[in-house]
file model.json (JSON, C-alpha atoms)
[["chain", "number", "residue", "atom", "x", "y", "z"],
["Y", 1, "MET", "CA", 23.70, -3.79, -28.43],
["Y", 2, "ALA", "CA", 20.33, -2.00, -28.56],
["Y", 3, "ASP", "CA", 18.95, -4.32, -25.87],
["Y", 4, "ARG", "CA", 21.85, -3.43, -23.62],
["Y", 5, "ALA", "CA", 21.22, 0.31, -24.00],
["Y", 6, "ILE", "CA", 17.49, -0.12, -23.36],
["Y", 7, "PHE", "CA", 18.20, -2.24, -20.29],
["Y", 8, "GLN", "CA", 20.70, 0.30, -18.96],
["Y", 9, "ASP", "CA", 18.17, 3.09, -19.49],
["Y", 10, "PHE", "CA", 15.51, 1.04, -17.70],
["Y", 11, "VAL", "CA", 17.82, 0.42, -14.75],
["Y", 12, "ALA", "CA", 18.78, 4.10, -14.57],
["Y", 13, "THR", "CA", 15.20, 5.36, -14.65],
["Y", 14, "ARG", "CA", 13.32, 2.70, -12.67],
["Y", 15, "SER", "CA", 15.79, 1.47, -10.04],
["Y", 16, "ASP", "CA", 14.77, 3.96, -7.36],
["Y", 17, "ARG", "CA", 11.13, 2.91, -7.47],
["Y", 18, "LEU", "CA", 12.00, -0.78, -7.66],
["Y", 19, "LEU", "CA", 14.45, -0.39, -4.77],
["Y", 20, "ARG", "CA", 11.69, 1.17, -2.70],
["Y", 21, "THR", "CA", 9.48, -1.82, -3.44],
["Y", 22, "ALA", "CA", 12.30, -4.18, -2.49],
["Y", 23, "TYR", "CA", 12.83, -2.24, 0.75],
["Y", 24, "LEU", "CA", 9.15, -2.38, 1.61],
["Y", 25, "LEU", "CA", 9.30, -6.14, 1.22],
["Y", 26, "THR", "CA", 12.56, -6.74, 3.09],
["Y", 27, "ARG", "CA", 12.61, -3.81, 5.56],
["Y", 28, "ASP", "CA", 16.38, -3.57, 5.18],
["Y", 29, "TRP", "CA", 18.19, -1.36, 2.66],
["Y", 30, "GLY", "CA", 21.14, -3.72, 2.19],
["Y", 31, "THR", "CA", 18.92, -6.74, 1.62],
["Y", 32, "ALA", "CA", 16.69, -4.64, -0.65],
["Y", 33, "GLU", "CA", 19.70, -3.72, -2.78],
["Y", 34, "ASP", "CA", 20.69, -7.38, -3.00],
["Y", 35, "LEU", "CA", 17.14, -8.35, -3.92],
["Y", 36, "LEU", "CA", 16.94, -5.69, -6.64],
["Y", 37, "GLN", "CA", 20.34, -6.63, -8.04],
["Y", 38, "GLU", "CA", 19.43, -10.30, -8.22],
["Y", 39, "SER", "CA", 16.06, -9.46, -9.80],
["Y", 40, "LEU", "CA", 17.64, -7.22, -12.43],
["Y", 41, "ALA", "CA", 20.19, -9.94, -13.22],
["Y", 42, "LYS", "CA", 17.36, -12.42, -13.76],
["Y", 43, "ALA", "CA", 15.53, -9.88, -15.92],
["Y", 44, "TRP", "CA", 18.61, -9.30, -18.08],
["Y", 45, "PHE", "CA", 18.64, -12.93, -19.19],
["Y", 46, "ALA", "CA", 15.01, -12.70, -20.29],
["Y", 47, "TRP", "CA", 15.18, -9.08, -21.51],
["Y", 48, "ALA", "CA", 14.61, -9.75, -25.21],
["Y", 49, "GLY", "CA", 11.24, -11.40, -24.53],
["Y", 50, "ILE", "CA", 9.89, -9.00, -21.90],
["Y", 51, "GLU", "CA", 6.91, -6.89, -22.97],
["Y", 52, "GLU", "CA", 6.35, -4.93, -19.74],
["Y", 53, "PRO", "CA", 9.76, -4.55, -18.07],
["Y", 54, "GLU", "CA", 8.66, -2.87, -14.83],
["Y", 55, "ALA", "CA", 5.86, -5.35, -14.19],
["Y", 56, "TYR", "CA", 8.20, -8.24, -15.02],
["Y", 57, "VAL", "CA", 10.94, -7.03, -12.67],
["Y", 58, "ARG", "CA", 8.38, -6.33, -9.93],
["Y", 59, "LYS", "CA", 7.14, -9.92, -10.26],
["Y", 60, "VAL", "CA", 10.72, -11.20, -10.12],
["Y", 61, "LEU", "CA", 11.28, -9.06, -6.99],
["Y", 62, "VAL", "CA", 8.31, -10.59, -5.22],
["Y", 63, "THR", "CA", 8.99, -14.18, -6.24],
["Y", 64, "THR", "CA", 12.68, -13.90, -5.36],
["Y", 65, "TYR", "CA", 11.81, -12.32, -1.99],
["Y", 66, "THR", "CA", 9.29, -15.08, -1.31],
["Y", 67, "SER", "CA", 11.81, -17.79, -2.14],
["Y", 68, "TRP", "CA", 14.40, -16.13, 0.13],
["Y", 69, "TRP", "CA", 11.81, -15.97, 2.89],
["Y", 70, "ARG", "CA", 10.96, -19.64, 2.50],
["Y", 71, "ARG", "CA", 14.60, -20.62, 2.75],
["Y", 72, "ARG", "CA", 14.99, -18.43, 5.84],
["Y", 73, "TRP", "CA", 18.62, -18.02, 4.97],
["Y", 74, "ARG", "CA", 19.69, -14.50, 4.14],
["Y", 75, "ARG", "CA", 23.27, -15.31, 3.14],
["Y", 76, "GLU", "CA", 24.45, -14.00, 6.47],
["Y", 77, "LEU", "CA", 25.99, -15.98, 9.25],
["Y", 78, "PRO", "CA", 25.35, -15.28, 12.93],
["Y", 79, "SER", "CA", 28.09, -13.53, 14.85],
["Y", 80, "ASP", "CA", 28.72, -12.38, 18.38],
["Y", 81, "ASP", "CA", 28.83, -8.73, 17.27],
["Y", 82, "LEU", "CA", 25.57, -6.83, 17.39],
["Y", 83, "PRO", "CA", 24.81, -4.69, 14.36],
["Y", 84, "GLN", "CA", 24.40, -0.97, 14.72],
["Y", 85, "THR", "CA", 20.77, 0.04, 14.81],
["Y", 86, "VAL", "CA", 19.29, 2.74, 12.67],
["Y", 87, "ALA", "CA", 16.92, 5.10, 14.48],
["Y", 88, "HIS", "CA", 14.44, 5.51, 11.63],
["Y", 89, "ASP", "CA", 14.72, 2.78, 9.02],
["Y", 90, "ALA", "CA", 11.16, 3.20, 7.72],
["Y", 91, "PRO", "CA", 10.48, 5.27, 4.59],
["Y", 92, "GLY", "CA", 10.43, 8.91, 5.65],
["Y", 93, "GLY", "CA", 10.50, 7.92, 9.33],
["Y", 94, "GLU", "CA", 6.71, 8.21, 9.52],
["Y", 95, "ARG", "CA", 4.38, 5.82, 11.29],
["Y", 96, "ASP", "CA", 7.12, 3.55, 12.63],
["Y", 97, "ASP", "CA", 4.62, 1.51, 14.62],
["Y", 98, "LEU", "CA", 2.55, 0.81, 11.52],
["Y", 99, "TRP", "CA", 5.65, -0.08, 9.54],
["Y", 100, "HIS", "CA", 6.86, -2.49, 12.22],
["Y", 101, "ALA", "CA", 3.40, -4.07, 12.34],
["Y", 102, "VAL", "CA", 3.49, -4.59, 8.56],
["Y", 103, "GLY", "CA", 6.90, -6.18, 9.04],
["Y", 104, "ARG", "CA", 5.40, -8.75, 11.39],
["Y", 105, "LEU", "CA", 2.96, -9.98, 8.76],
["Y", 106, "PRO", "CA", 3.68, -13.26, 6.94],
["Y", 107, "ALA", "CA", 5.66, -12.80, 3.72],
["Y", 108, "LYS", "CA", 2.72, -13.28, 1.33],
["Y", 109, "GLN", "CA", 0.47, -10.89, 3.26],
["Y", 110, "ARG", "CA", 3.25, -8.31, 3.46],
["Y", 111, "ALA", "CA", 3.79, -8.59, -0.29],
["Y", 112, "VAL", "CA", 0.08, -8.00, -0.90],
["Y", 113, "ILE", "CA", 0.01, -4.96, 1.41],
["Y", 114, "VAL", "CA", 3.15, -3.48, -0.18],
["Y", 115, "LEU", "CA", 1.90, -3.94, -3.73],
["Y", 116, "ARG", "CA", -1.69, -2.85, -3.03],
["Y", 117, "PHE", "CA", -1.16, 0.11, -0.71],
["Y", 118, "TYR", "CA", 2.44, 1.28, -1.04],
["Y", 119, "GLU", "CA", 2.72, 0.67, -4.78],
["Y", 120, "ASP", "CA", -0.99, 1.48, -5.31],
["Y", 121, "LEU", "CA", -1.51, -1.39, -7.75],
["Y", 122, "PRO", "CA", -4.97, -2.74, -8.58],
["Y", 123, "VAL", "CA", -6.01, -6.19, -7.37],
["Y", 124, "ALA", "CA", -5.69, -7.66, -10.87],
["Y", 125, "GLU", "CA", -2.07, -6.48, -11.22],
["Y", 126, "VAL", "CA", -1.13, -7.78, -7.76],
["Y", 127, "ALA", "CA", -2.69, -11.16, -8.65],
["Y", 128, "ARG", "CA", -0.69, -11.24, -11.88],
["Y", 129, "ILE", "CA", 2.56, -10.37, -10.10],
["Y", 130, "LEU", "CA", 2.02, -12.95, -7.36],
["Y", 131, "GLY", "CA", 0.73, -15.57, -9.79],
["Y", 132, "CYS", "CA", -2.53, -16.14, -7.96],
["Y", 133, "GLN", "CA", -6.24, -15.44, -8.31],
["Y", 134, "GLU", "CA", -7.75, -12.02, -7.54],
["Y", 135, "GLY", "CA", -9.78, -13.66, -4.78],
["Y", 136, "THR", "CA", -6.54, -14.77, -3.11],
["Y", 137, "VAL", "CA", -5.23, -11.21, -3.20],
["Y", 138, "LYS", "CA", -8.48, -9.96, -1.66],
["Y", 139, "SER", "CA", -8.50, -12.61, 1.08],
["Y", 140, "GLN", "CA", -4.80, -12.07, 1.89],
["Y", 141, "THR", "CA", -5.44, -8.32, 2.04],
["Y", 142, "ALA", "CA", -8.40, -8.81, 4.38],
["Y", 143, "LYS", "CA", -6.39, -11.14, 6.64],
["Y", 144, "ALA", "CA", -3.45, -8.74, 6.73],
["Y", 145, "LEU", "CA", -5.65, -5.73, 7.50],
["Y", 146, "ALA", "CA", -7.43, -7.69, 10.24],
["Y", 147, "LYS", "CA", -4.05, -8.51, 11.83],
["Y", 148, "LEU", "CA", -3.00, -4.88, 11.58],
["Y", 149, "ARG", "CA", -6.25, -3.71, 13.20],
["Y", 150, "VAL", "CA", -5.61, -5.78, 16.32],
["Y", 151, "ASP", "CA", -1.86, -5.17, 16.52],
["Y", 152, "GLU", "CA", -1.19, -3.51, 19.88],
["Y", 153, "SER", "CA", 1.30, -0.99, 18.52],
["Y", 154, "ILE", "CA", -1.24, 0.26, 15.97],
["Y", 155, "VAL", "CA", -4.07, 0.42, 18.50],
["Y", 156, "LYS", "CA", -1.87, 2.53, 20.81],
["Y", 157, "GLU", "CA", -1.03, 4.88, 17.91],
["Y", 158, "LEU", "CA", -4.70, 5.37, 17.07],
["Y", 159, "HIS", "CA", -5.66, 6.17, 20.67],
["Y", 160, "ARG", "CA", -3.03, 8.87, 21.19]]

call {"tool": "encode", "arguments": {"input": "model.json", "output": "structure tokens"}}
result
Amino acid sequence: MADRAIFQDFVATRSDRLLRTAYLLTRDWGTAEDLLQESLAKAWFAWAGIEEPEAYVRKVLVTTYTSWWRRRWRRELPSDDLPQTVAHDAPGGERDDLWHAVGRLPAKQRAVIVLRFYEDLPVAEVARILGCQEGTVKSQTAKALAKLRVDESIVKELHR
């Protein structure tokens, strides 16, 4: 019963931040909510053995997102109806061009950018979350930043 109360407290206090991370990965609030819910469900089953809950759930978020991305199936079926568009779906509505450019990065590079720069995590922590070497995090960061530097929408923003 104590584990349940601790888990509920964790969810209540950390969900907003974890949802933001999920959104930054998926770029869609509905999908981000699904991703967070699935990640928290996975964490619940391992809760008794988790030493650092937030780091564990963040790792589950990234690995679950990556596996969804690989499958390319988002549990949605195509339809003839077009969805309503949201004018400003980026956090705070700032730097939409930059946010859309980040969204065009490959999944692994986007995960590195989100964890390094939006979550402000050190290279070692990002490597631990992604289950790779620090050198991989650094090279993926460099590749992602290089792509962002030559992205036309970013270049236009910088020359305004």

call {"tool": "closest_residue", "arguments": {"input": "model.json", "among": "Y:Gly30, Y:Leu115, Y:Gly49, Y:Glu54", "to": "Phe10 (chain Y)", "atoms": "all atoms listed in the file"}}
result
Y:Glu54

call {"tool": "closest_residue", "arguments": {"input": "model.json", "among": "Y:Arg110, Y:Arg58, Y:Arg4, Y:Lys42", "to": "Leu19 (chain Y)", "atoms": "all atoms listed in the file"}}
result
Y:Arg58

call {"tool": "closest_residue", "arguments": {"input": "model.json", "among": "Y:Leu105, Y:Ala32, Y:Leu40, Y:Leu121", "to": "Val57 (chain Y)", "atoms": "only C-alpha atoms"}}
result
Y:Leu40

call {"tool": "atom_distance", "arguments": {"input": "model.json", "atom1": "CA of Asp97 (chain Y)", "atom2": "CA of Thr64 (chain Y)"}}
result
26.5 Å

call {"tool": "closest_residue", "arguments": {"input": "model.json", "among": "Y:Val137, Y:Val114, Y:Leu98, Y:Ala144", "to": "Val62 (chain Y)", "atoms": "all atoms listed in the file"}}
result
Y:Val114

call {"tool": "closest_residue", "arguments": {"input": "model.json", "among": "Y:Ala55, Y:Leu25, Y:Leu148, Y:Ala12", "to": "Lys108 (chain Y)", "atoms": "all atoms listed in the file"}}
result
Y:Leu25

call {"tool": "atom_distance", "arguments": {"input": "model.json", "atom1": "CA of Gly135 (chain Y)", "atom2": "CA of Tyr118 (chain Y)"}}
result
19.7 Å

call {"tool": "closest_residue", "arguments": {"input": "model.json", "among": "Y:Arg104, Y:Gln37, Y:Val60, Y:Asp3", "to": "Asp16 (chain Y)", "atoms": "all atoms listed in the file"}}
result
Y:Gln37
